[in-house]
>>> print(open('protein29.cif').read())   # mmCIF, C-alpha atoms
data_coords
loop_
_atom_site.label_atom_id
_atom_site.label_comp_id
_atom_site.auth_asym_id
_atom_site.auth_seq_id
_atom_site.Cartn_x
_atom_site.Cartn_y
_atom_site.Cartn_z
CA SER A 1 0.00 0.00 0.00
CA PHE A 2 3.03 2.29 -0.13
CA GLY A 3 3.83 2.39 -3.81
CA PHE A 4 5.61 -0.99 -3.94
CA ARG A 5 5.10 -4.53 -2.81
CA CYS A 6 7.22 -5.81 0.00
CA PRO A 7 9.31 -8.73 -1.26
CA ALA A 8 7.18 -11.82 -0.92
CA SER A 9 9.97 -13.46 1.03
CA SER A 10 10.40 -10.71 3.59
CA GLY A 11 7.47 -11.75 5.75
CA LEU A 12 6.71 -8.10 6.56
CA ARG A 13 3.04 -7.43 6.93
CA ALA A 14 3.05 -4.15 8.86
CA ARG A 15 0.56 -1.47 7.91
CA HIS A 16 0.78 2.29 8.10
CA GLY A 17 -0.16 3.54 11.54
CA SER A 18 0.30 0.20 13.29
CA MET A 19 2.21 0.52 16.54
CA ALA A 20 3.41 -3.09 16.49
CA VAL A 21 6.99 -3.60 15.43
CA PRO A 22 6.95 -5.59 12.17
CA GLY A 23 8.64 -8.94 12.42
CA TYR A 24 9.92 -11.32 9.79
CA GLU A 25 9.48 -15.02 9.39
CA VAL A 26 12.59 -17.18 9.35
CA ALA A 27 11.38 -18.94 6.21
CA GLY A 28 10.79 -15.62 4.47
CA PHE A 29 14.17 -14.31 5.58
CA VAL A 30 15.94 -17.37 4.19
CA GLU A 31 13.93 -17.20 0.98
CA THR A 32 15.03 -13.62 0.37
CA ILE A 33 18.65 -14.54 1.03
CA MET A 34 18.29 -17.39 -1.44
CA GLN A 35 16.91 -14.96 -4.01
CA MET A 36 20.10 -12.93 -3.71
CA VAL A 37 22.51 -15.87 -3.91
CA PRO A 38 22.08 -16.71 -7.64
CA ILE A 39 22.17 -12.99 -8.47
CA ALA A 40 25.43 -12.64 -6.56
CA VAL A 41 26.92 -15.74 -8.18
CA ALA A 42 25.97 -14.55 -11.67
CA SER A 43 27.36 -11.10 -10.85
CA ALA A 44 30.69 -12.49 -9.62
CA ILE A 45 31.05 -14.74 -12.66
CA GLY A 46 30.09 -11.91 -15.00
CA MET A 47 32.65 -9.58 -13.42
CA GLY A 48 35.30 -12.24 -13.79
CA ALA A 49 34.42 -12.66 -17.45
CA CYS A 50 34.64 -8.88 -17.91
CA LEU A 51 38.10 -8.88 -16.35
CA VAL A 52 39.29 -11.62 -18.70
CA ALA A 53 37.84 -9.80 -21.71
CA THR A 54 39.29 -6.45 -20.66
CA ARG A 55 42.77 -7.89 -20.20
CA ALA A 56 42.54 -9.57 -23.59
CA LEU A 57 41.34 -6.42 -25.38
CA PHE A 58 43.65 -3.97 -23.62
CA PRO A 59 46.70 -4.49 -25.90
CA THR A 60 44.47 -4.17 -28.97
CA VAL A 61 42.45 -1.14 -27.93
CA ALA A 62 45.34 0.82 -26.36
CA LYS A 63 48.54 -0.93 -27.41
CA GLU A 64 50.87 1.99 -26.75
CA SER A 65 49.57 2.51 -23.22
CA HIS A 66 49.49 -1.23 -22.54
CA ASP A 67 53.08 -1.76 -23.58
CA ALA A 68 54.31 1.17 -21.50
CA LEU A 69 52.82 -0.14 -18.25
CA ALA A 70 54.16 -2.63 -15.76
CA PRO A 71 52.18 -5.91 -15.50
CA SER A 72 50.65 -4.91 -12.16
CA ARG A 73 49.52 -1.56 -13.58
CA ARG A 74 47.96 -3.23 -16.63
CA PHE A 75 46.04 -5.51 -14.32
CA PHE A 76 44.92 -2.60 -12.14
CA VAL A 77 43.62 -0.65 -15.14
CA SER A 78 41.63 -3.69 -16.25
CA GLN A 79 40.23 -3.99 -12.73
CA CYS A 80 39.17 -0.34 -12.88
CA VAL A 81 37.21 -1.02 -16.07
CA VAL A 82 35.31 -3.82 -14.32
CA SER A 83 34.69 -1.61 -11.29
CA GLY A 84 33.27 1.06 -13.58
CA LEU A 85 30.95 -1.43 -15.28
CA HIS A 86 29.67 -2.54 -11.88
CA ALA A 87 29.06 1.07 -10.84
CA LEU A 88 27.20 1.79 -14.09
CA VAL A 89 24.62 -0.80 -13.00
CA SER A 90 24.55 -0.61 -9.21
CA GLY A 91 24.64 3.20 -8.96
CA PRO A 92 21.52 3.93 -11.04
CA ALA A 93 19.71 0.92 -9.55
CA GLY A 94 20.52 2.08 -6.02
CA THR A 95 19.36 5.58 -6.93
CA ALA A 96 16.04 4.20 -8.16
CA VAL A 97 15.57 2.24 -4.93
CA LEU A 98 16.37 5.26 -2.76
CA GLN A 99 14.04 7.45 -4.80
CA GLN A 100 11.29 4.88 -4.41
CA LEU A 101 11.73 4.74 -0.64
CA LEU A 102 12.12 8.46 0.02
CA PHE A 103 9.84 10.06 -2.55
CA SER A 104 7.11 7.56 -3.38
CA ASP A 105 3.50 8.77 -3.33
CA PRO A 106 1.95 7.68 -1.04
CA PRO A 107 5.00 7.58 1.26
CA ALA A 108 6.72 4.24 1.73
CA TYR A 109 6.84 4.71 5.49
CA ALA A 110 5.59 6.95 8.27
CA ALA A 111 7.31 8.91 11.03
CA CYS A 112 8.36 6.95 14.10
CA PRO A 113 6.83 5.38 16.13
CA ALA A 114 4.30 4.39 13.43
CA GLN A 115 5.10 1.23 11.49
CA PRO A 116 6.67 0.78 9.03
CA ASN A 117 9.08 3.66 9.53
CA LEU A 118 12.54 4.79 8.46
CA ALA A 119 14.15 1.87 10.29
CA THR A 120 11.68 -0.90 9.49
CA VAL A 121 10.40 -0.29 5.96
CA ALA A 122 10.65 -3.38 3.75
CA ALA A 123 12.98 -3.64 0.78
CA PRO A 124 11.48 -3.19 -2.70
CA PRO A 125 12.24 -6.03 -5.14
CA LEU A 126 14.80 -3.88 -6.95
CA ALA A 127 16.70 -3.49 -3.66
CA VAL A 128 16.94 -7.28 -3.35
CA TRP A 129 18.36 -7.52 -6.87
CA THR A 130 20.78 -4.61 -6.47
CA CYS A 131 22.08 -5.90 -3.15
CA GLY A 132 22.69 -9.34 -4.65
CA PHE A 133 24.40 -7.82 -7.69
CA THR A 134 26.71 -5.65 -5.59
CA CYS A 135 27.50 -8.45 -3.15
CA GLY A 136 28.56 -10.51 -6.15
CA TYR A 137 30.98 -7.76 -7.11
CA PHE A 138 32.40 -7.72 -3.57
CA VAL A 139 32.95 -11.48 -3.76
CA TYR A 140 34.62 -11.15 -7.16
CA ASP A 141 36.87 -8.32 -5.99
CA SER A 142 37.88 -10.23 -2.85
CA ILE A 143 38.76 -13.30 -4.90
CA VAL A 144 40.84 -11.21 -7.29
CA MET A 145 42.78 -9.69 -4.41
CA LEU A 146 43.42 -13.18 -3.02
CA VAL A 147 44.44 -14.71 -6.35
CA TYR A 148 46.69 -11.80 -7.35
CA PRO A 149 48.23 -10.64 -4.05
CA GLU A 150 51.39 -9.24 -5.66
CA PHE A 151 49.49 -7.07 -8.12
CA THR A 152 47.11 -5.98 -5.36
CA ARG A 153 49.87 -4.89 -3.01
CA ALA A 154 51.82 -3.22 -5.80
CA GLU A 155 48.86 -0.99 -6.69
CA LEU A 156 46.81 -0.71 -3.49
CA GLY A 157 49.31 -1.40 -0.73
CA ASN A 158 47.81 -3.31 2.18
CA PRO A 159 44.33 -4.48 1.07
CA ALA A 160 43.09 -4.98 4.64
CA LEU A 161 40.75 -1.97 4.42
CA MET A 162 39.11 -3.27 1.25
CA TYR A 163 38.76 -6.78 2.69
CA GLY A 164 37.09 -5.33 5.77
CA HIS A 165 34.78 -3.15 3.68
CA HIS A 166 33.71 -6.07 1.50
CA LEU A 167 33.29 -8.56 4.36
CA ILE A 168 31.16 -6.27 6.53
CA SER A 169 28.98 -5.37 3.55
CA LEU A 170 28.55 -9.03 2.60
CA LEU A 171 27.41 -9.90 6.12
CA VAL A 172 25.29 -6.86 6.96
CA TRP A 173 23.61 -5.73 3.74
CA PRO A 174 21.82 -9.00 2.87
CA TYR A 175 20.65 -9.29 6.48
CA CYS A 176 19.18 -5.78 6.36
CA ILE A 177 17.50 -6.32 3.01
CA ALA A 178 16.04 -9.71 3.99
CA SER A 179 14.85 -8.59 7.42
CA GLY A 180 13.51 -5.17 6.41
CA ARG A 181 15.82 -3.40 8.84
CA ALA A 182 17.75 -0.23 7.91
CA VAL A 183 16.91 -0.76 4.22
CA VAL A 184 17.08 3.00 3.62
CA PHE A 185 20.70 3.06 4.75
CA VAL A 186 21.72 0.14 2.55
CA SER A 187 19.90 1.79 -0.36
CA PHE A 188 21.77 5.03 0.29
CA PHE A 189 25.13 3.25 0.23
CA LEU A 190 24.14 1.53 -3.03
CA PHE A 191 23.20 4.95 -4.43
CA THR A 192 26.70 6.27 -3.64
CA GLU A 193 28.13 3.69 -6.06
CA LEU A 194 27.36 6.37 -8.66
CA THR A 195 30.60 8.12 -7.73
CA ASN A 196 32.60 5.02 -8.63
CA ILE A 197 31.80 5.61 -12.30
CA GLY A 198 33.94 8.75 -12.27
CA GLN A 199 36.53 7.11 -10.08
CA ALA A 200 36.97 4.19 -12.47
CA LEU A 201 37.20 6.45 -15.52
CA PHE A 202 39.71 8.74 -13.82
CA LEU A 203 41.92 5.83 -12.72
CA VAL A 204 41.86 4.30 -16.20
CA LEU A 205 43.02 7.62 -17.66
CA ASN A 206 45.49 8.40 -14.88
CA LYS A 207 47.06 5.01 -14.27
CA GLY A 208 46.69 3.86 -17.87
CA LYS A 209 48.35 6.98 -19.26
CA MET A 210 45.50 7.50 -21.72
CA LEU A 211 44.00 10.74 -23.08
CA PRO A 212 45.90 13.06 -20.72
CA SER A 213 43.80 16.06 -21.79
CA LEU A 214 40.74 14.44 -20.19
CA GLU A 215 42.40 13.44 -16.94
CA THR A 216 41.98 16.75 -15.10
CA PRO A 217 38.33 17.47 -16.03
CA VAL A 218 37.31 13.87 -15.33
CA GLY A 219 39.11 13.95 -12.00
CA LEU A 220 37.41 17.19 -10.98
CA VAL A 221 33.98 15.88 -11.98
CA TRP A 222 34.64 12.75 -9.95
CA ALA A 223 35.68 14.83 -6.91
CA LEU A 224 32.54 16.97 -7.21
CA SER A 225 30.28 13.93 -7.57
CA PHE A 226 31.90 12.38 -4.50
CA LEU A 227 31.38 15.64 -2.61
CA GLY A 228 27.73 15.86 -3.62
CA CYS A 229 26.77 12.21 -3.09
CA ARG A 230 28.84 11.21 -0.09
CA ILE A 231 29.85 14.35 1.84
CA VAL A 232 27.08 16.93 1.45
CA THR A 233 24.54 14.24 2.41
CA ILE A 234 26.24 13.41 5.72
CA PRO A 235 24.03 15.73 7.85
CA TRP A 236 20.88 14.06 6.50
CA LEU A 237 22.42 10.62 7.02
CA LEU A 238 23.38 11.43 10.61
CA LYS A 239 19.89 12.78 11.31
CA ALA A 240 18.33 9.59 9.93
CA PHE A 241 20.84 7.51 11.90
CA ALA A 242 19.96 9.30 15.13
CA GLU A 243 16.23 8.90 14.51
CA ALA A 244 16.28 5.25 13.46
CA VAL A 245 19.13 3.77 15.46
CA VAL A 246 20.26 5.95 18.35
CA THR A 247 16.76 6.49 19.76
CA SER A 248 14.33 3.69 20.43
CA ASP A 249 11.34 5.51 18.94
CA CYS A 250 11.36 3.48 15.71
CA GLY A 251 11.03 0.16 17.48
CA MET A 252 14.12 -1.67 16.27
CA ALA A 253 15.11 -4.74 18.30
CA PRO A 254 18.23 -4.37 20.48
CA PHE A 255 20.33 -6.55 18.14
CA ASP A 256 19.32 -4.51 15.09
CA ARG A 257 20.03 -1.24 16.87
CA ALA A 258 23.44 -2.50 17.99
CA LEU A 259 24.23 -3.68 14.46
CA GLY A 260 23.22 -0.31 13.04
CA ALA A 261 25.17 1.59 15.67
CA LEU A 262 28.32 -0.38 14.80
CA THR A 263 28.06 -0.38 11.01
CA VAL A 264 26.21 2.72 9.73
CA PRO A 265 28.93 5.16 10.88
CA LEU A 266 31.71 3.17 9.18
CA PRO A 267 30.92 4.21 5.57
CA ILE A 268 30.53 7.81 6.71
CA LEU A 269 34.01 7.77 8.25
CA LEU A 270 35.43 6.02 5.16
CA ASN A 271 33.84 8.59 2.87
CA VAL A 272 35.39 11.46 4.83
CA TYR A 273 38.78 9.71 4.71
CA TRP A 274 38.51 8.94 1.00
CA PHE A 275 37.37 12.47 0.18
CA ALA A 276 40.41 13.87 1.98
CA LEU A 277 42.59 11.71 -0.29
CA ILE A 278 40.63 12.80 -3.37
CA ALA A 279 40.93 16.47 -2.43
CA ARG A 280 44.67 16.10 -1.90
CA LYS A 281 45.01 14.40 -5.29
CA ALA A 282 42.88 17.09 -6.97
CA MET A 283 45.02 19.85 -5.51
CA ARG A 284 48.16 18.15 -6.81
CA ILE A 285 46.62 17.86 -10.29
CA VAL A 286 45.56 21.50 -10.34
CA ALA A 287 48.92 22.64 -9.00
CA GLY A 288 50.70 20.53 -11.61
CA SER A 289 48.72 22.15 -14.43
CA LYS A 290 49.87 25.64 -13.47
CA PRO A 291 52.93 27.07 -15.23
CA PRO A 292 56.05 27.20 -13.02
CA PRO A 293 56.69 30.60 -11.43
CA LYS A 294 59.14 32.82 -13.25
CA GLU A 295 62.54 33.13 -11.67
CA ALA A 296 63.39 36.57 -10.38
CA LYS A 297 66.11 38.32 -12.33
CA ALA A 298 69.32 39.05 -10.49
CA GLU A 299 69.80 42.72 -9.80
#
>>> encode(input="protein29.cif", output="structure tokens")
Amino acid sequence: SFGFRCPASSGLRARHGSMAVPGYEVAGFVETIMQMVPIAVASAIGMGACLVATRALFPTVAKESHDALAPSRRFFVSQCVVSGLHALVSGPAGTAVLQQLLFSDPPAYAACPAQPNLATVAAPPLAVWTCGFTCGYFVYDSIVMLVYPEFTRAELGNPALMYGHHLISLLVWPYCIASGRAVVFVSFFLFTELTNIGQALFLVLNKGKMLPSLETPVGLVWALSFLGCRIVTIPWLLKAFAEAVVTSDCGMAPFDRALGALTVPLPILLNVYWFALIARKAMRIVAGSKPPPKEAKAE
């Protein structure tokens, strides 16, 4: 009755205005997880196939750049292409899910303590698909880092941060989607995958030594998209976090509140950290594009 059907497997049957906290059936929870598994498997296999194809086409499409790069850098550029392809799908899909949850008419949820609310609204079917698709990418990326540790360390340094990011997402996101808990937050993080389109394109140009005239404008667009999607939205995200997780008004169970309290702030902190790195890189690029200062003439 809120502009979309709750996934049949979620077991959520709450209605607008009900004060009872919506629950979920174990069978429905498992069914939703099982819906995501084949999507994730297909996604991981598809990403792997894209990596193989990209590595095979690289010397043909950009032979001069390919031949000038070290093997680890060639591999990294190919990985960036796959990352960009993933973002081209997950970003718009996550945006559609977030739009559906936040701006549907009639509203998808009511203000706390009514049910369903910001913390307990069920996942639309597209959210189930997008979560499975993105989890498949996380599995693929983790496997690649394990299979090619030398290339990974040569280009990324210690991959511990990425392993942690992927593992936490793989454990928490499917649980949230299947249980109808904190779906808005997962949808928001899927929406922010949009910024990875610019990131992937910039890294391909920068690390692949391709089309240098485009590197600076693409990098600046990427930085601005990151700022708009992940930084400017932090006040809203913190407000929603306080309403849904910090207070008990929305009716989340203690375990769900604890899980949200531990995990929702992590992407926010990572985004601030990553944006600081992006800003530093952007300033170096802009500074490097300026002509060197003229030397003062000796009197």
>>> resolve_selection(input="protein29.cif", expression="the PyMOL selection byres ((chain A and resi 174) around 8)", output="number ranges by chain")
A: 33, 36, 131-132, 170-173, 175-178
>>> closest_residue(input="protein29.cif", among="A:Leu220, A:Leu237, A:Ala96, A:Leu156", to="A:Leu194", atoms="only C-alpha atoms")
A:Ala96
>>> resolve_selection(input="protein29.cif", expression="the PyMOL selection byres ((chain A and resi 202-214) around 10)", output="JSON, numbers by chain")
{"A": [62, 64, 65, 66, 68, 69, 73, 74, 76, 77, 78, 79, 80, 81, 84, 155, 196, 197, 198, 199, 200, 201, 215, 216, 217, 218, 219, 220, 221, 222]}
>>> atom_distance(input="protein29.cif", atom1="atom CA of A:Ala44", atom2="atom CA of A:Phe188")
22.0 Å
>>> atom_distance(input="protein29.cif", atom1="atom CA of A:Tyr273", atom2="atom CA of A:Leu88")
23.5 Å
>>> closest_residue(input="protein29.cif", among="A:Phe275, A:Ser90, A:Glu243, A:Ala258", to="A:Phe191", atoms="all atoms listed in the file")
A:Ser90
>>> resolve_selection(input="protein29.cif", expression="the PyMOL selection byres ((chain A and resi 120) around 8)", output="PDB file with C-alpha atoms, in the frame of the given file")
ATOM      1  CA  PRO A  22       6.950  -5.590  12.170  1.00  0.00           C
ATOM      2  CA  GLN A 115       5.100   1.230  11.490  1.00  0.00           C
ATOM      3  CA  PRO A 116       6.670   0.780   9.030  1.00  0.00           C
ATOM      4  CA  ASN A 117       9.080   3.660   9.530  1.00  0.00           C
ATOM      5  CA  LEU A 118      12.540   4.790   8.460  1.00  0.00           C
ATOM      6  CA  ALA A 119      14.150   1.870  10.290  1.00  0.00           C
ATOM      7  CA  VAL A 121      10.400  -0.290   5.960  1.00  0.00           C
ATOM      8  CA  ALA A 122      10.650  -3.380   3.750  1.00  0.00           C
ATOM      9  CA  GLY A 180      13.510  -5.170   6.410  1.00  0.00           C
ATOM     10  CA  ARG A 181      15.820  -3.400   8.840  1.00  0.00           C
ATOM     11  CA  ALA A 182      17.750  -0.230   7.910  1.00  0.00           C
ATOM     12  CA  VAL A 183      16.910  -0.760   4.220  1.00  0.00           C
ATOM     13  CA  CYS A 250      11.360   3.480  15.710  1.00  0.00           C
ATOM     14  CA  MET A 252      14.120  -1.670  16.270  1.00  0.00           C
TER      15      MET A 252
END
>>> closest_residue(input="protein29.cif", among="A:Pro59, A:Pro265, A:Pro149, A:Gly260", to="A:Ser72", atoms="all atoms listed in the file")
A:Pro149
>>> atom_distance(input="protein29.cif", atom1="atom CA of A:Ala240", atom2="atom CA of A:Phe185")
8.7 Å
>>> closest_residue(input="protein29.cif", among="A:Ile168, A:Arg230, A:Tyr148, A:Ser225", to="A:Leu259", atoms="all atoms listed in the file")
A:Ile168
>>> residues_around(input="protein29.cif", residues="A:His86", least_positions_apart="6", cutoff="12 Å", atoms="only C-alpha atoms", output="list in words")
Ser43, Ala44, Gly46, Met47, Gly48, Cys50, Leu51, Gln79, Cys80, Pro92, Ala93, Gly94, Thr130, Phe133, Thr134, Cys135, Gly136, Tyr137, Phe138, Tyr140, Asp141, Leu190, Glu193, Leu194, Thr195, Asn196, Ile197, Gln199 and Ala200 of chain A
>>> closest_residue(input="protein29.cif", among="A:Leu102, A:Ala108, A:Ala261, A:Leu266", to="A:Ser169", atoms="only C-alpha atoms")
A:Leu266
>>> axis_aligned_box(input="protein29.cif", around="stretch 121-125 of chain A", padding_each_side="6 Å", output="lines of an AutoDock Vina configuration file")
center_x = 11.7
center_y = -3.2
center_z = 0.4
size_x = 14.6
size_y = 17.7
size_z = 23.1
>>> closest_residue(input="protein29.cif", among="A:Gly228, A:Pro38, A:Gly164, A:Pro125", to="A:Pro267", atoms="all atoms listed in the file")
A:Gly164
>>> decode(input="protein29.cif", residues="stretch 163-189 of chain A", atoms="N, CA, C and O atoms", output="PDB file, in the first residue's frame")
ATOM      1  N   TYR A 163      39.316  -5.510   2.209  1.00  0.00           N
ATOM      2  CA  TYR A 163      38.764  -6.780   2.692  1.00  0.00           C
ATOM      3  C   TYR A 163      37.713  -6.522   3.770  1.00  0.00           C
ATOM      4  O   TYR A 163      36.635  -7.133   3.773  1.00  0.00           O
ATOM      5  N   GLY A 164      38.033  -5.635   4.707  1.00  0.00           N
ATOM      6  CA  GLY A 164      37.087  -5.327   5.774  1.00  0.00           C
ATOM      7  C   GLY A 164      35.807  -4.715   5.240  1.00  0.00           C
ATOM      8  O   GLY A 164      34.702  -5.084   5.663  1.00  0.00           O
ATOM      9  N   HIS A 165      35.946  -3.789   4.293  1.00  0.00           N
ATOM     10  CA  HIS A 165      34.776  -3.148   3.679  1.00  0.00           C
ATOM     11  C   HIS A 165      33.885  -4.192   3.018  1.00  0.00           C
ATOM     12  O   HIS A 165      32.656  -4.210   3.209  1.00  0.00           O
ATOM     13  N   HIS A 166      34.490  -5.071   2.229  1.00  0.00           N
ATOM     14  CA  HIS A 166      33.710  -6.073   1.504  1.00  0.00           C
ATOM     15  C   HIS A 166      33.054  -7.068   2.462  1.00  0.00           C
ATOM     16  O   HIS A 166      31.872  -7.413   2.309  1.00  0.00           O
ATOM     17  N   LEU A 167      33.813  -7.537   3.453  1.00  0.00           N
ATOM     18  CA  LEU A 167      33.289  -8.558   4.360  1.00  0.00           C
ATOM     19  C   LEU A 167      32.118  -8.028   5.174  1.00  0.00           C
ATOM     20  O   LEU A 167      31.079  -8.702   5.298  1.00  0.00           O
ATOM     21  N   ILE A 168      32.257  -6.835   5.735  1.00  0.00           N
ATOM     22  CA  ILE A 168      31.163  -6.268   6.529  1.00  0.00           C
ATOM     23  C   ILE A 168      29.924  -6.071   5.668  1.00  0.00           C
ATOM     24  O   ILE A 168      28.802  -6.392   6.079  1.00  0.00           O
ATOM     25  N   SER A 169      30.117  -5.564   4.453  1.00  0.00           N
ATOM     26  CA  SER A 169      28.977  -5.366   3.553  1.00  0.00           C
ATOM     27  C   SER A 169      28.307  -6.691   3.204  1.00  0.00           C
ATOM     28  O   SER A 169      27.068  -6.783   3.164  1.00  0.00           O
ATOM     29  N   LEU A 170      29.110  -7.722   2.962  1.00  0.00           N
ATOM     30  CA  LEU A 170      28.554  -9.030   2.605  1.00  0.00           C
ATOM     31  C   LEU A 170      27.748  -9.645   3.745  1.00  0.00           C
ATOM     32  O   LEU A 170      26.786 -10.379   3.509  1.00  0.00           O
ATOM     33  N   LEU A 171      28.122  -9.340   4.967  1.00  0.00           N
ATOM     34  CA  LEU A 171      27.415  -9.898   6.118  1.00  0.00           C
ATOM     35  C   LEU A 171      26.191  -9.059   6.493  1.00  0.00           C
ATOM     36  O   LEU A 171      25.137  -9.616   6.836  1.00  0.00           O
ATOM     37  N   VAL A 172      26.317  -7.744   6.422  1.00  0.00           N
ATOM     38  CA  VAL A 172      25.289  -6.862   6.963  1.00  0.00           C
ATOM     39  C   VAL A 172      24.212  -6.527   5.937  1.00  0.00           C
ATOM     40  O   VAL A 172      23.008  -6.560   6.250  1.00  0.00           O
ATOM     41  N   TRP A 173      24.599  -6.189   4.714  1.00  0.00           N
ATOM     42  CA  TRP A 173      23.615  -5.726   3.740  1.00  0.00           C
ATOM     43  C   TRP A 173      22.537  -6.768   3.434  1.00  0.00           C
ATOM     44  O   TRP A 173      21.343  -6.432   3.462  1.00  0.00           O
ATOM     45  N   PRO A 174      22.884  -8.015   3.134  1.00  0.00           N
ATOM     46  CA  PRO A 174      21.824  -8.996   2.873  1.00  0.00           C
ATOM     47  C   PRO A 174      20.911  -9.199   4.082  1.00  0.00           C
ATOM     48  O   PRO A 174      19.694  -9.382   3.922  1.00  0.00           O
ATOM     49  N   TYR A 175      21.480  -9.165   5.280  1.00  0.00           N
ATOM     50  CA  TYR A 175      20.646  -9.291   6.479  1.00  0.00           C
ATOM     51  C   TYR A 175      19.629  -8.158   6.543  1.00  0.00           C
ATOM     52  O   TYR A 175      18.440  -8.387   6.810  1.00  0.00           O
ATOM     53  N   CYS A 176      20.085  -6.928   6.306  1.00  0.00           N
ATOM     54  CA  CYS A 176      19.178  -5.781   6.364  1.00  0.00           C
ATOM     55  C   CYS A 176      18.088  -5.874   5.304  1.00  0.00           C
ATOM     56  O   CYS A 176      16.906  -5.625   5.592  1.00  0.00           O
ATOM     57  N   ILE A 177      18.471  -6.235   4.100  1.00  0.00           N
ATOM     58  CA  ILE A 177      17.496  -6.320   3.013  1.00  0.00           C
ATOM     59  C   ILE A 177      16.478  -7.419   3.281  1.00  0.00           C
ATOM     60  O   ILE A 177      15.267  -7.240   3.077  1.00  0.00           O
ATOM     61  N   ALA A 178      16.934  -8.570   3.765  1.00  0.00           N
ATOM     62  CA  ALA A 178      16.037  -9.712   3.986  1.00  0.00           C
ATOM     63  C   ALA A 178      15.147  -9.520   5.204  1.00  0.00           C
ATOM     64  O   ALA A 178      14.031 -10.050   5.249  1.00  0.00           O
ATOM     65  N   SER A 179      15.617  -8.766   6.195  1.00  0.00           N
ATOM     66  CA  SER A 179      14.846  -8.591   7.421  1.00  0.00           C
ATOM     67  C   SER A 179      14.009  -7.316   7.418  1.00  0.00           C
ATOM     68  O   SER A 179      13.185  -7.114   8.309  1.00  0.00           O
ATOM     69  N   GLY A 180      14.233  -6.431   6.428  1.00  0.00           N
ATOM     70  CA  GLY A 180      13.513  -5.173   6.412  1.00  0.00           C
ATOM     71  C   GLY A 180      13.968  -4.228   7.496  1.00  0.00           C
ATOM     72  O   GLY A 180      13.180  -3.460   8.042  1.00  0.00           O
ATOM     73  N   ARG A 181      15.251  -4.273   7.826  1.00  0.00           N
ATOM     74  CA  ARG A 181      15.816  -3.397   8.840  1.00  0.00           C
ATOM     75  C   ARG A 181      16.871  -2.502   8.195  1.00  0.00           C
ATOM     76  O   ARG A 181      17.769  -2.989   7.513  1.00  0.00           O
ATOM     77  N   ALA A 182      16.756  -1.193   8.408  1.00  0.00           N
ATOM     78  CA  ALA A 182      17.748  -0.228   7.907  1.00  0.00           C
ATOM     79  C   ALA A 182      17.919  -0.306   6.393  1.00  0.00           C
ATOM     80  O   ALA A 182      19.001  -0.048   5.865  1.00  0.00           O
ATOM     81  N   VAL A 183      16.855  -0.650   5.681  1.00  0.00           N
ATOM     82  CA  VAL A 183      16.912  -0.761   4.224  1.00  0.00           C
ATOM     83  C   VAL A 183      17.269   0.577   3.585  1.00  0.00           C
ATOM     84  O   VAL A 183      17.984   0.627   2.575  1.00  0.00           O
ATOM     85  N   VAL A 184      16.780   1.668   4.172  1.00  0.00           N
ATOM     86  CA  VAL A 184      17.075   2.997   3.619  1.00  0.00           C
ATOM     87  C   VAL A 184      18.573   3.263   3.621  1.00  0.00           C
ATOM     88  O   VAL A 184      19.117   3.828   2.669  1.00  0.00           O
ATOM     89  N   PHE A 185      19.260   2.828   4.671  1.00  0.00           N
ATOM     90  CA  PHE A 185      20.701   3.062   4.751  1.00  0.00           C
ATOM     91  C   PHE A 185      21.454   2.239   3.716  1.00  0.00           C
ATOM     92  O   PHE A 185      22.369   2.735   3.054  1.00  0.00           O
ATOM     93  N   VAL A 186      21.085   0.970   3.567  1.00  0.00           N
ATOM     94  CA  VAL A 186      21.720   0.138   2.545  1.00  0.00           C
ATOM     95  C   VAL A 186      21.461   0.723   1.164  1.00  0.00           C
ATOM     96  O   VAL A 186      22.364   0.783   0.319  1.00  0.00           O
ATOM     97  N   SER A 187      20.237   1.188   0.931  1.00  0.00           N
ATOM     98  CA  SER A 187      19.902   1.788  -0.362  1.00  0.00           C
ATOM     99  C   SER A 187      20.728   3.048  -0.604  1.00  0.00           C
ATOM    100  O   SER A 187      21.167   3.300  -1.739  1.00  0.00           O
ATOM    101  N   PHE A 188      20.947   3.828   0.441  1.00  0.00           N
ATOM    102  CA  PHE A 188      21.771   5.027   0.294  1.00  0.00           C
ATOM    103  C   PHE A 188      23.197   4.652  -0.093  1.00  0.00           C
ATOM    104  O   PHE A 188      23.796   5.278  -0.984  1.00  0.00           O
ATOM    105  N   PHE A 189      23.757   3.641   0.548  1.00  0.00           N
ATOM    106  CA  PHE A 189      25.126   3.248   0.232  1.00  0.00           C
ATOM    107  C   PHE A 189      25.222   2.662  -1.180  1.00  0.00           C
ATOM    108  O   PHE A 189      26.240   2.823  -1.864  1.00  0.00           O
TER     109      PHE A 189
END
